[in-house]
>>> print(open('run.tsv').read())   # TSV, C-alpha atoms and all ligand atoms
chain	number	residue	atom	x	y	z
A	7	MET	CA	137.35	155.77	71.98
A	8	LYS	CA	138.13	159.47	71.35
A	9	LYS	CA	135.34	161.96	71.93
A	10	ASN	CA	133.96	163.64	68.82
A	11	ILE	CA	134.79	167.35	68.92
A	12	LYS	CA	131.23	168.17	67.74
A	13	ASN	CA	129.94	166.79	71.04
A	14	VAL	CA	132.03	169.18	73.12
A	15	GLU	CA	129.72	171.94	74.32
A	16	LEU	CA	130.71	175.56	73.77
A	17	GLU	CA	131.44	176.21	77.42
A	18	ASP	CA	133.56	173.07	77.76
A	19	LEU	CA	135.62	174.01	74.71
A	20	GLN	CA	136.12	177.49	76.19
A	21	ASN	CA	137.35	175.90	79.42
A	22	ILE	CA	139.74	173.64	77.54
A	23	MET	CA	141.24	176.69	75.80
A	24	VAL	CA	141.68	178.43	79.16
A	25	SER	CA	143.40	175.35	80.62
A	26	LEU	CA	145.77	175.28	77.62
A	27	ASN	CA	146.56	179.01	77.99
A	28	GLN	CA	145.11	179.66	74.55
A	29	PRO	CA	143.46	182.99	73.70
A	30	ALA	CA	139.66	183.01	73.91
A	31	TYR	CA	139.20	183.40	70.14
A	32	ARG	CA	140.57	179.89	69.55
A	33	THR	CA	137.20	178.40	70.57
A	34	GLU	CA	135.40	180.10	67.70
A	35	GLN	CA	138.26	179.35	65.29
A	36	ILE	CA	137.87	175.65	66.03
A	37	ARG	CA	134.09	175.71	65.84
A	38	GLN	CA	134.09	177.65	62.57
A	39	ALA	CA	136.61	175.24	61.06
A	40	ILE	CA	134.39	172.30	61.94
A	41	PHE	CA	130.88	173.64	61.44
A	42	LYS	CA	131.33	176.30	58.75
A	43	PHE	CA	134.29	175.01	56.74
A	44	LYS	CA	133.54	171.36	57.57
A	45	ARG	CA	137.18	170.41	58.04
A	46	THR	CA	137.63	166.69	58.47
A	47	SER	CA	141.03	166.73	60.17
A	48	PHE	CA	142.64	169.07	62.67
A	49	ALA	CA	145.73	169.31	60.45
A	50	GLN	CA	143.59	171.16	57.87
A	51	ILE	CA	142.85	174.01	60.29
A	52	SER	CA	145.58	176.34	59.15
A	53	ASN	CA	144.97	179.20	61.58
A	54	LEU	CA	145.75	177.10	64.70
A	55	PRO	CA	149.24	176.74	66.16
A	56	LYS	CA	150.89	173.34	65.63
A	57	ASN	CA	150.93	172.35	69.32
A	58	LEU	CA	147.17	172.98	69.60
A	59	LYS	CA	146.47	170.98	66.45
A	60	ASP	CA	148.54	168.10	67.83
A	61	TYR	CA	146.69	168.26	71.15
A	62	LEU	CA	143.29	168.22	69.44
A	63	GLU	CA	144.34	165.37	67.14
A	64	GLU	CA	145.36	163.31	70.17
A	65	GLN	CA	142.25	164.01	72.21
A	66	PHE	CA	139.39	164.22	69.71
A	67	GLU	CA	138.04	162.87	66.47
A	68	ILE	CA	136.07	164.92	63.92
A	69	THR	CA	134.03	162.34	62.00
A	70	SER	CA	132.35	159.30	63.46
A	71	LEU	CA	129.72	158.28	60.90
A	72	GLN	CA	130.44	156.07	57.93
A	73	ILE	CA	128.42	155.76	54.76
A	74	LYS	CA	127.53	152.08	54.41
A	75	THR	CA	125.10	151.99	51.48
A	76	VAL	CA	123.89	154.56	48.95
A	77	ARG	CA	120.80	153.78	46.90
A	78	LYS	CA	119.50	155.99	44.14
A	79	SER	CA	115.82	156.04	43.25
A	80	LEU	CA	114.31	156.60	39.81
A	81	ASP	CA	112.64	159.76	41.17
A	82	GLY	CA	116.03	161.30	42.05
A	83	SER	CA	115.94	160.71	45.78
A	84	ILE	CA	118.96	159.02	47.31
A	85	LYS	CA	118.96	156.96	50.45
A	86	PHE	CA	122.02	156.82	52.67
A	87	LEU	CA	122.55	154.12	55.24
A	88	PHE	CA	125.19	155.09	57.82
A	89	SER	CA	126.90	152.94	60.39
A	90	LEU	CA	127.63	154.38	63.81
A	91	GLU	CA	130.83	153.54	65.69
A	92	ASP	CA	129.02	150.92	67.78
A	93	GLY	CA	127.66	149.20	64.68
A	94	ASN	CA	124.12	150.55	64.90
A	95	LEU	CA	122.58	151.85	61.70
A	96	ILE	CA	120.71	155.00	60.74
A	97	GLU	CA	119.29	156.43	57.53
A	98	SER	CA	119.00	159.74	55.72
A	99	VAL	CA	117.15	160.46	52.49
A	100	TYR	CA	118.17	163.15	50.01
A	101	MET	CA	115.23	164.62	48.08
A	102	PRO	CA	115.66	167.01	45.14
A	103	TRP	CA	112.64	169.19	44.31
A	104	TYR	CA	112.50	170.39	40.71
A	105	ASP	CA	110.92	173.60	39.44
A	106	ASP	CA	107.95	173.57	37.04
A	107	THR	CA	110.14	173.09	33.99
A	108	SER	CA	111.68	170.00	35.65
A	109	GLU	CA	115.05	171.32	34.58
A	110	SER	CA	116.61	172.92	37.60
A	111	ILE	CA	116.55	171.84	41.21
A	112	GLU	CA	114.71	174.31	43.44
A	113	ARG	CA	115.33	172.75	46.81
A	114	GLU	CA	117.56	170.00	48.12
A	115	THR	CA	116.15	168.53	51.28
A	116	LEU	CA	117.76	166.00	53.57
A	117	CYS	CA	115.59	163.92	55.83
A	118	ILE	CA	117.70	163.04	58.88
A	119	SER	CA	117.47	160.66	61.84
A	120	SER	CA	117.57	161.54	65.51
A	121	MET	CA	117.72	157.99	66.93
A	122	SER	CA	118.81	154.56	65.79
A	123	GLY	CA	115.46	152.79	65.80
A	124	CYS	CA	112.69	154.51	67.74
A	125	SER	CA	111.32	154.21	71.24
A	126	VAL	CA	107.74	155.20	70.35
A	127	GLY	CA	106.61	152.15	68.40
A	128	CYS	CA	103.84	153.43	66.13
A	129	GLU	CA	102.03	150.51	64.50
A	130	PHE	CA	102.42	151.78	60.93
A	131	CYS	CA	106.13	152.55	61.10
A	132	ALA	CA	109.03	150.29	60.10
A	133	THR	CA	111.39	152.18	62.41
A	134	GLY	CA	108.94	151.73	65.27
A	135	LYS	CA	109.02	148.00	64.60
A	136	LEU	CA	112.83	148.01	64.83
A	137	GLY	CA	112.62	148.99	68.45
A	138	PHE	CA	114.92	151.47	70.14
A	139	LYS	CA	118.67	151.16	69.77
A	140	ARG	CA	119.84	154.52	71.09
A	141	ASN	CA	119.70	158.30	70.84
A	142	LEU	CA	122.05	159.97	68.36
A	143	GLN	CA	124.76	162.29	69.58
A	144	VAL	CA	125.01	165.86	68.28
A	145	SER	CA	127.89	164.78	66.01
A	146	GLU	CA	125.85	161.96	64.50
A	147	ILE	CA	122.95	164.28	63.76
A	148	LEU	CA	125.20	166.89	62.09
A	149	GLU	CA	127.39	164.46	60.19
A	150	GLN	CA	124.46	163.05	58.24
A	151	ILE	CA	124.21	166.51	56.68
A	152	PHE	CA	127.93	167.12	56.25
A	153	LEU	CA	128.68	163.68	54.76
A	154	VAL	CA	125.80	163.82	52.29
A	155	GLU	CA	126.86	167.29	51.13
A	156	GLN	CA	130.40	166.02	50.70
A	157	HIS	CA	129.33	162.82	48.93
A	158	LEU	CA	127.00	164.61	46.50
A	159	ASN	CA	129.20	167.70	46.27
A	160	THR	CA	126.22	169.93	46.92
A	161	LYS	CA	124.80	172.42	49.39
A	162	LEU	CA	121.54	171.29	50.96
A	163	THR	CA	118.83	173.92	51.31
A	164	ASN	CA	116.41	172.27	53.76
A	165	ILE	CA	116.56	169.82	56.63
A	166	VAL	CA	113.69	167.75	57.98
A	167	PHE	CA	113.82	165.62	61.11
A	168	MET	CA	111.70	162.88	59.57
A	169	GLY	CA	114.10	159.98	59.46
A	170	MET	CA	114.45	157.39	62.18
A	171	GLY	CA	113.48	158.30	65.71
A	172	GLU	CA	111.40	160.76	67.67
A	173	PRO	CA	113.46	163.98	67.86
A	174	LEU	CA	111.68	165.36	70.92
A	175	LEU	CA	112.63	162.25	72.92
A	176	ASN	CA	116.30	163.04	72.17
A	177	TYR	CA	115.59	166.63	73.07
A	178	ASN	CA	118.94	167.97	74.33
A	179	ASN	CA	121.05	166.64	71.46
A	180	VAL	CA	118.51	167.63	68.82
A	181	VAL	CA	118.23	171.17	70.19
A	182	GLN	CA	122.02	171.50	70.41
A	183	ALA	CA	122.32	170.35	66.79
A	184	ILE	CA	119.66	172.90	65.76
A	185	GLU	CA	121.53	175.66	67.65
A	186	ILE	CA	124.64	174.90	65.59
A	187	LEU	CA	122.79	174.49	62.28
A	188	THR	CA	121.07	177.86	62.70
A	189	ASP	CA	124.00	179.77	64.24
A	190	PRO	CA	124.56	182.77	61.91
A	191	ASN	CA	128.34	182.41	62.42
A	192	TYR	CA	128.36	179.14	60.50
A	193	GLU	CA	126.04	180.20	57.64
A	194	LEU	CA	124.39	176.79	57.38
A	195	PHE	CA	120.58	177.09	57.52
A	196	SER	CA	117.99	179.59	58.62
A	197	ARG	CA	115.58	178.23	61.21
A	198	LYS	CA	112.78	178.44	58.62
A	199	LYS	CA	114.58	175.87	56.46
A	200	ILE	CA	114.52	173.26	59.19
A	201	THR	CA	111.42	171.24	60.06
A	202	LEU	CA	111.08	169.06	63.11
A	203	SER	CA	108.47	166.34	62.82
A	204	THR	CA	107.10	164.83	66.01
A	205	ALA	CA	104.59	162.16	66.90
A	206	GLY	CA	103.53	164.68	69.59
A	207	VAL	CA	105.37	165.16	72.89
A	208	ALA	CA	103.38	168.04	74.38
A	209	ASN	CA	105.76	169.24	77.13
A	210	LYS	CA	108.76	169.17	74.76
A	211	ILE	CA	106.89	171.16	72.12
A	212	LYS	CA	106.33	173.87	74.73
A	213	GLN	CA	110.00	173.75	75.68
A	214	LEU	CA	111.09	173.96	72.04
A	215	ALA	CA	109.07	177.17	71.71
A	216	THR	CA	111.37	178.80	74.27
A	217	THR	CA	114.65	177.99	72.46
A	218	ASN	CA	116.74	180.71	70.77
A	219	ARG	CA	115.80	179.88	67.20
A	220	PRO	CA	112.74	177.64	67.09
A	221	VAL	CA	112.28	175.73	63.83
A	222	LYS	CA	109.18	174.80	61.83
A	223	LEU	CA	106.99	172.21	63.47
A	224	ALA	CA	105.24	169.27	61.83
A	225	ILE	CA	102.87	167.14	63.88
A	226	SER	CA	102.33	163.52	62.85
A	227	LEU	CA	98.65	163.62	63.70
A	228	HIS	CA	97.25	160.76	61.59
A	229	PHE	CA	94.19	160.23	63.83
A	230	THR	CA	91.70	162.67	65.27
A	231	THR	CA	90.51	160.67	68.27
A	232	ASN	CA	92.35	159.60	71.40
A	233	ILE	CA	90.88	156.11	71.01
A	234	LEU	CA	92.67	155.41	67.73
A	235	ARG	CA	95.78	157.40	68.59
A	236	ASN	CA	96.18	155.49	71.86
A	237	GLN	CA	96.04	152.19	70.02
A	238	ILE	CA	98.27	153.05	67.08
A	239	MET	CA	100.57	155.79	68.36
A	240	PRO	CA	101.46	154.92	71.99
A	241	ILE	CA	102.91	158.41	72.60
A	242	ASN	CA	99.30	159.56	72.85
A	243	LEU	CA	98.91	157.75	76.18
A	244	SER	CA	101.21	160.29	77.83
A	245	SER	CA	100.38	163.22	75.49
A	246	PRO	CA	96.67	163.03	74.64
A	247	LEU	CA	95.23	165.15	71.84
A	248	GLU	CA	93.98	167.93	74.15
A	249	ASP	CA	97.48	168.44	75.62
A	250	LEU	CA	99.06	168.19	72.18
A	251	MET	CA	96.73	170.84	70.76
A	252	ASP	CA	97.39	173.18	73.69
A	253	ALA	CA	101.13	172.78	73.12
A	254	VAL	CA	100.74	173.45	69.39
A	255	GLU	CA	98.83	176.63	70.12
A	256	ILE	CA	101.57	177.81	72.49
A	257	TYR	CA	104.19	176.96	69.84
A	258	TYR	CA	102.37	178.95	67.20
A	259	LYS	CA	101.77	181.96	69.44
A	260	SER	CA	105.40	182.13	70.40
A	261	THR	CA	106.96	181.44	66.96
A	262	LYS	CA	104.29	182.73	64.55
A	263	MET	CA	105.18	179.88	62.19
A	264	PRO	CA	102.31	177.92	60.63
A	265	ILE	CA	102.06	174.30	61.75
A	266	THR	CA	102.06	171.32	59.39
A	267	TYR	CA	99.86	168.33	60.24
A	268	GLU	CA	100.91	165.03	58.70
A	269	TYR	CA	98.01	162.71	58.00
A	270	ILE	CA	98.54	159.20	56.62
A	271	LEU	CA	95.25	158.22	55.06
A	272	PHE	CA	94.30	154.64	55.96
A	273	ALA	CA	91.37	153.27	53.96
A	274	GLY	CA	88.31	152.73	56.14
A	275	LEU	CA	90.01	153.83	59.34
A	276	ASN	CA	90.62	157.58	59.46
A	277	ASP	CA	88.90	158.72	56.25
A	278	THR	CA	85.28	159.28	57.31
A	279	ASP	CA	83.30	162.54	57.22
A	280	GLU	CA	83.59	162.63	61.01
A	281	ASP	CA	87.39	162.55	60.62
A	282	VAL	CA	87.17	165.44	58.17
A	283	LYS	CA	85.13	167.44	60.69
A	284	ARG	CA	87.50	166.77	63.57
A	285	LEU	CA	90.57	167.44	61.40
A	286	VAL	CA	89.11	170.73	60.18
A	287	LYS	CA	88.51	171.77	63.77
A	288	ILE	CA	92.08	170.92	64.74
A	289	ALA	CA	93.59	172.59	61.67
A	290	ARG	CA	91.62	175.80	62.26
A	291	ARG	CA	92.89	176.30	65.75
A	292	VAL	CA	96.08	178.01	64.54
A	293	PRO	CA	97.31	178.76	60.98
A	294	SER	CA	98.32	175.42	59.53
A	295	ARG	CA	98.23	173.10	56.58
A	296	VAL	CA	97.59	169.40	56.24
A	297	ASN	CA	99.89	167.02	54.36
A	298	ILE	CA	98.09	163.90	53.29
A	299	ILE	CA	100.62	161.09	53.06
A	300	PRO	CA	100.09	157.80	51.25
A	301	PHE	CA	100.74	154.84	53.54
A	302	ASN	CA	103.96	153.03	52.71
A	303	ASP	CA	103.12	149.40	53.12
A	304	ILE	CA	105.16	147.64	55.82
A	305	SER	CA	103.55	144.24	55.46
A	306	PHE	CA	107.03	142.73	54.96
A	307	ILE	CA	107.20	142.90	58.75
A	308	ARG	CA	105.32	140.41	60.88
A	309	GLN	CA	101.88	141.89	61.34
A	310	THR	CA	100.14	142.49	64.63
A	311	ASN	CA	96.35	142.47	64.80
A	312	LEU	CA	96.42	146.24	64.78
A	313	SER	CA	98.78	146.74	61.88
A	314	LYS	CA	96.68	144.37	59.76
A	315	ASP	CA	93.90	146.96	59.92
A	316	LEU	CA	96.10	149.60	58.33
A	317	LYS	CA	95.15	149.64	54.68
A	318	ILE	CA	96.54	151.77	51.87
A	319	ALA	CA	94.06	154.35	50.55
A	320	THR	CA	93.66	154.60	46.78
A	321	LYS	CA	94.59	157.76	44.89
A	322	GLU	CA	90.87	158.45	44.50
A	323	GLN	CA	90.21	158.09	48.23
A	324	ILE	CA	93.08	160.46	48.94
A	325	LYS	CA	91.74	162.99	46.44
A	326	ASN	CA	88.25	162.78	47.92
A	327	PHE	CA	89.51	163.37	51.42
A	328	SER	CA	91.72	166.23	50.31
A	329	ASP	CA	88.82	167.84	48.38
A	330	LYS	CA	86.65	167.73	51.51
A	331	LEU	CA	89.34	169.51	53.48
A	332	LYS	CA	89.63	172.13	50.75
A	333	GLU	CA	85.86	172.68	50.79
A	334	ASN	CA	86.34	173.58	54.43
A	335	GLY	CA	89.09	176.05	53.62
A	336	ILE	CA	91.96	173.86	54.81
A	337	VAL	CA	95.13	174.02	52.73
A	338	SER	CA	95.97	170.45	52.03
A	339	ILE	CA	98.62	168.92	49.83
A	340	THR	CA	99.25	165.31	49.05
A	341	ARG	CA	102.83	164.44	49.66
A	342	ASP	CA	104.25	162.00	47.17
A	343	SER	CA	106.23	159.27	48.71
A	344	PHE	CA	109.84	159.65	47.61
A	345	GLY	CA	111.92	156.61	46.77
A	346	SER	CA	109.37	153.83	47.11
A	347	ASP	CA	111.58	151.72	44.80
A	348	ILE	CA	114.56	151.97	47.17
A	349	GLU	CA	112.83	151.32	50.48
A	350	ALA	CA	113.18	154.99	51.31
A	351	ALA	CA	110.35	155.01	53.83
A	352	CYS	CA	111.59	155.48	57.31
A	353	GLY	CA	113.32	152.37	58.68
A	354	GLN	CA	112.84	150.16	55.67
A	355	LEU	CA	116.39	150.02	54.36
A	356	THR	CA	117.79	149.29	57.79
A	357	LEU	CA	115.32	146.47	58.14
A	358	SER	CA	116.28	144.98	54.83
A	359	GLU	CA	120.01	145.20	55.60
A	360	THR	CA	120.02	143.73	59.07
A	361	LYS	CA	118.59	140.87	60.95
A	362	MET	CA	117.27	142.98	63.75
A	363	SER	CA	114.85	141.84	66.36
A	364	VAL	CA	111.90	142.11	63.98
A	365	LYS	CA	110.50	139.03	62.34
A	366	ILE	CA	110.44	139.48	58.58
A	367	LYS	CA	107.47	137.77	57.00
A	368	PRO	CA	108.61	134.77	54.94
A	369	ILE	CA	107.93	134.94	51.21
A	370	ASN	CA	105.60	132.13	50.29
B	401	LIG	N1	109.20	160.44	64.91
B	401	LIG	C1	108.84	161.57	64.13
B	401	LIG	C2	109.69	161.77	62.89
B	401	LIG	C3	110.07	160.55	62.12
B	401	LIG	S1	108.77	159.72	61.27
B	401	LIG	C4	107.36	161.49	63.76
B	401	LIG	O1	106.74	160.47	63.99
B	401	LIG	O2	106.85	162.51	63.27
B	401	LIG	C5	108.50	160.78	59.88
B	401	LIG	C6	107.14	160.68	59.26
B	401	LIG	O3	106.97	159.40	58.58
B	401	LIG	C7	106.00	160.75	60.28
B	401	LIG	O4	105.01	161.65	59.84
B	401	LIG	C8	105.52	159.34	60.31
B	401	LIG	O5	104.21	159.26	60.78
B	401	LIG	C9	105.68	158.92	58.86
B	401	LIG	N2	105.64	157.47	58.62
B	401	LIG	C10	106.11	156.48	59.41
B	401	LIG	N3	105.85	155.27	58.86
B	401	LIG	C11	105.19	155.51	57.71
B	401	LIG	C12	104.65	154.66	56.69
B	401	LIG	N4	104.73	153.32	56.75
B	401	LIG	N5	104.03	155.26	55.63
B	401	LIG	C13	103.95	156.60	55.54
B	401	LIG	N6	104.45	157.44	56.46
B	401	LIG	C14	105.06	156.91	57.54
B	402	LIG	FE1	108.98	156.68	65.96
B	402	LIG	FE2	107.98	158.53	64.29
B	402	LIG	FE3	108.12	155.93	63.58
B	402	LIG	FE4	106.37	156.70	65.45
B	402	LIG	S1	106.38	157.33	63.30
B	402	LIG	S2	107.71	154.90	65.56
B	402	LIG	S3	107.52	158.28	66.48
B	402	LIG	S4	109.82	157.27	63.98
>>> encode(input="run.tsv", output="structure tokens")
Amino acid sequence: MKKNIKNVELEDLQNIMVSLNQPAYRTEQIRQAIFKFKRTSFAQISNLPKNLKDYLEEQFEITSLQIKTVRKSLDGSIKFLFSLEDGNLIESVYMPWYDDTSESIERETLCISSMSGCSVGCEFCATGKLGFKRNLQVSEILEQIFLVEQHLNTKLTNIVFMGMGEPLLNYNNVVQAIEILTDPNYELFSRKKITLSTAGVANKIKQLATTNRPVKLAISLHFTTNILRNQIMPINLSSPLEDLMDAVEIYYKSTKMPITYEYILFAGLNDTDEDVKRLVKIARRVPSRVNIIPFNDISFIRQTNLSKDLKIATKEQIKNFSDKLKENGIVSITRDSFGSDIEAACGQLTLSETKMSVKIKPIN
């Protein structure tokens, strides 16, 4: 199988050009053609000599993802299911945000995956229930964006790492993809238009703070005690809340970008006044806001004892909780779930399209 040119690191491409007796500027010509102009074949790169194009064509491929299914939701969001070259599947969700008049689109966000499946295994998450297939390569991360733009003939404005997988456990490839996406030479995205969502890997958050162009950080907090987090989000066993909060503080101090906390409200589990108190304390530590997310039911998957306890909160319960946060001066917004009619929640479409290792509950 040919290597994807997007996975060739800058220094390696420079070395290849030296070995081919090509001038140094060829490296940037090739990278610009691929990342800025999004060429899909080497033949299209008109400023390269023919022998170099032929060499690249022989040695490398440019595109490795394939769109398998596209599903459009009534709310305008569009879910893309991609197949990887080894047959594994990943998902991206396109979300248009309209202005107040509902006439023109203000933002076009793509939610992208960093893994096929996920190695963390949170109890509430369909992707977690899929298990881990593998980390995505740099090319597979970038091509979700490029293929969706091409398919919809649009220019995306925002990227969120909130699809399948835990981005900080595929750290090197995710950071390399971010370096390319935010490289001013390619005019793709500013770092403020990219959000990385993590279940909370403390040491990697600290490392991310030291990168060239750190992006916005969202923490999937969901629970305010180690007891519940340990049970429902196993990442907490190696990154307990205290370590996570220290890392968040370091991230904020170094980047000066407010933090977003994601909080799925589960009725009767994380919605008490004590939770409000603890959440307020966490949210006040550095400038931040809280996104309250309605739980997307995953009861189509075989339930464990733990996941049976995860109950959807009503609109009223969500409003109550959000009001209590506001009373304490915490900026909180309730995030609508996009695409609930097209199984747009993380991992759901893949589950419905494949017979993966998860047991699907029989319909009775
Ligand atoms: N692994 C990263 C990013 C992918 S998950 C993370 O966990 O942050 C993206 C977001 O979807 C996370 O906030 C996650 O907690 C949330 N999520 C997962 N399953 C969900 C469900 N069934 N209902 C609502 N949100 C869910
Ligand atoms: Fe993985 Fe995030 Fe799902 Fe947890 S919520 S299993 S970290 S994708």
>>> atom_distance(input="run.tsv", atom1="atom CA of A:Glu185", atom2="atom CA of A:Met168")
18.0 Å
>>> atom_distance(input="run.tsv", atom1="atom CA of A:Ile68", atom2="atom CA of A:Glu172")
25.3 Å
>>> residues_around(input="run.tsv", residues="A:Gln20", least_positions_apart="4", cutoff="8 Å", atoms="only C-alpha atoms", output="PDB file with C-alpha atoms, in the coordinates of the input")
ATOM      1  CA  LEU A  16     130.710 175.560  73.770  1.00  0.00           C
ATOM      2  CA  VAL A  24     141.680 178.430  79.160  1.00  0.00           C
ATOM      3  CA  ALA A  30     139.660 183.010  73.910  1.00  0.00           C
ATOM      4  CA  THR A  33     137.200 178.400  70.570  1.00  0.00           C
TER       5      THR A  33
END
>>> axis_aligned_box(input="run.tsv", around="ligand LIG 401 (chain B)", padding_each_side="8 Å", output="AutoDock Vina command-line options")
--center_x 107.0 --center_y 157.9 --center_z 60.2 --size_x 22.1 --size_y 25.2 --size_z 25.4
>>> residues_near_ligand(input="run.tsv", ligand="ligand LIG 401 (chain B)", cutoff="9 Å", atoms="all atoms listed in the file", output="PyMOL selection string")
chain A and resi 117-120+124+126+128-134+166-175+202-206+224-228+239+267-271+299-304+343+351-354
>>> closest_residue(input="run.tsv", among="A:Ile298, A:Leu243, A:Ile238, A:Val282", to="A:Thr266", atoms="only C-alpha atoms")
A:Ile298
>>> closest_residue(input="run.tsv", among="A:Phe152, A:Phe48, A:Phe229, A:Phe195", to="A:Ile165", atoms="all atoms listed in the file")
A:Phe195
>>> closest_residue(input="run.tsv", among="A:Gln150, A:Ser122, A:Thr75, A:Thr320", to="ligand LIG 402 (chain B)", atoms="all atoms listed in the file")
A:Ser122
>>> residues_around(input="run.tsv", residues="stretch 273-275 of chain A", least_positions_apart="6", cutoff="8 Å", atoms="only C-alpha atoms", output="list in words")
Asp315, Leu316, Lys317, Ile318, Ala319, Thr320 and Gln323 of chain A
>>> residues_around(input="run.tsv", residues="A:Thr188", least_positions_apart="4", cutoff="10 Å", atoms="all atoms listed in the file", output="PyMOL selection string")
chain A and resi 183-184+192-200+218-221
>>> write_last_selection(input="run.tsv", atoms="C-alpha atoms", output="JSON list (two decimals), keeping the file's coordinate frame")
[["chain", "number", "residue", "atom", "x", "y", "z"],
["A", 183, "ALA", "CA", 122.32, 170.35, 66.79],
["A", 184, "ILE", "CA", 119.66, 172.90, 65.76],
["A", 192, "TYR", "CA", 128.36, 179.14, 60.50],
["A", 193, "GLU", "CA", 126.04, 180.20, 57.64],
["A", 194, "LEU", "CA", 124.39, 176.79, 57.38],
["A", 195, "PHE", "CA", 120.58, 177.09, 57.52],
["A", 196, "SER", "CA", 117.99, 179.59, 58.62],
["A", 197, "ARG", "CA", 115.58, 178.23, 61.21],
["A", 198, "LYS", "CA", 112.78, 178.44, 58.62],
["A", 199, "LYS", "CA", 114.58, 175.87, 56.46],
["A", 200, "ILE", "CA", 114.52, 173.26, 59.19],
["A", 218, "ASN", "CA", 116.74, 180.71, 70.77],
["A", 219, "ARG", "CA", 115.80, 179.88, 67.20],
["A", 220, "PRO", "CA", 112.74, 177.64, 67.09],
["A", 221, "VAL", "CA", 112.28, 175.73, 63.83]]
>>> residues_around(input="run.tsv", residues="stretch 247-261 of chain A", least_positions_apart="6", cutoff="10 Å", atoms="all atoms listed in the file", output="ChimeraX atom specification")
/A:205-216,219-225,227,229-232,235-236,288-289,291-294
>>> decode(input="run.tsv", residues="stretch 310-314 of chain A", atoms="all heavy atoms", output="mmCIF file, in the first residue's frame")
data_model
loop_
_atom_site.group_PDB
_atom_site.id
_atom_site.type_symbol
_atom_site.label_atom_id
_atom_site.label_comp_id
_atom_site.auth_asym_id
_atom_site.auth_seq_id
_atom_site.Cartn_x
_atom_site.Cartn_y
_atom_site.Cartn_z
ATOM 1 N N THR A 310 -25.116 -2.316 30.594
ATOM 2 C CA THR A 310 -24.449 -2.849 31.775
ATOM 3 C C THR A 310 -25.220 -2.316 32.986
ATOM 4 O O THR A 310 -26.065 -1.431 32.847
ATOM 5 C CB THR A 310 -23.006 -2.334 31.855
ATOM 6 O OG1 THR A 310 -23.061 -0.915 31.919
ATOM 7 C CG2 THR A 310 -22.193 -2.766 30.656
ATOM 8 N N ASN A 311 -24.904 -2.824 34.162
ATOM 9 C CA ASN A 311 -25.589 -2.329 35.357
ATOM 10 C C ASN A 311 -25.413 -0.846 35.501
ATOM 11 O O ASN A 311 -26.319 -0.127 35.895
ATOM 12 C CB ASN A 311 -25.036 -3.023 36.601
ATOM 13 C CG ASN A 311 -25.671 -4.385 36.752
ATOM 14 O OD1 ASN A 311 -26.723 -4.628 36.168
ATOM 15 N ND2 ASN A 311 -25.020 -5.265 37.493
ATOM 16 N N LEU A 312 -24.194 -0.382 35.143
ATOM 17 C CA LEU A 312 -23.911 1.048 35.289
ATOM 18 C C LEU A 312 -24.687 1.882 34.294
ATOM 19 O O LEU A 312 -25.299 2.879 34.651
ATOM 20 C CB LEU A 312 -22.415 1.285 35.069
ATOM 21 C CG LEU A 312 -21.543 1.171 36.293
ATOM 22 C CD1 LEU A 312 -20.089 1.254 35.887
ATOM 23 C CD2 LEU A 312 -21.892 2.291 37.270
ATOM 24 N N SER A 313 -24.665 1.456 33.016
ATOM 25 C CA SER A 313 -25.307 2.318 32.022
ATOM 26 C C SER A 313 -26.822 2.359 32.206
ATOM 27 O O SER A 313 -27.472 3.295 31.754
ATOM 28 C CB SER A 313 -24.892 1.961 30.591
ATOM 29 O OG SER A 313 -24.995 0.602 30.348
ATOM 30 N N LYS A 314 -27.380 1.358 32.894
ATOM 31 C CA LYS A 314 -28.822 1.403 33.178
ATOM 32 C C LYS A 314 -29.186 2.576 34.095
ATOM 33 O O LYS A 314 -30.314 3.044 34.116
ATOM 34 C CB LYS A 314 -29.256 0.092 33.834
ATOM 35 C CG LYS A 314 -29.595 -0.979 32.829
ATOM 36 C CD LYS A 314 -30.296 -2.135 33.529
ATOM 37 C CE LYS A 314 -29.944 -3.447 32.868
ATOM 38 N NZ LYS A 314 -29.479 -4.493 33.746
#
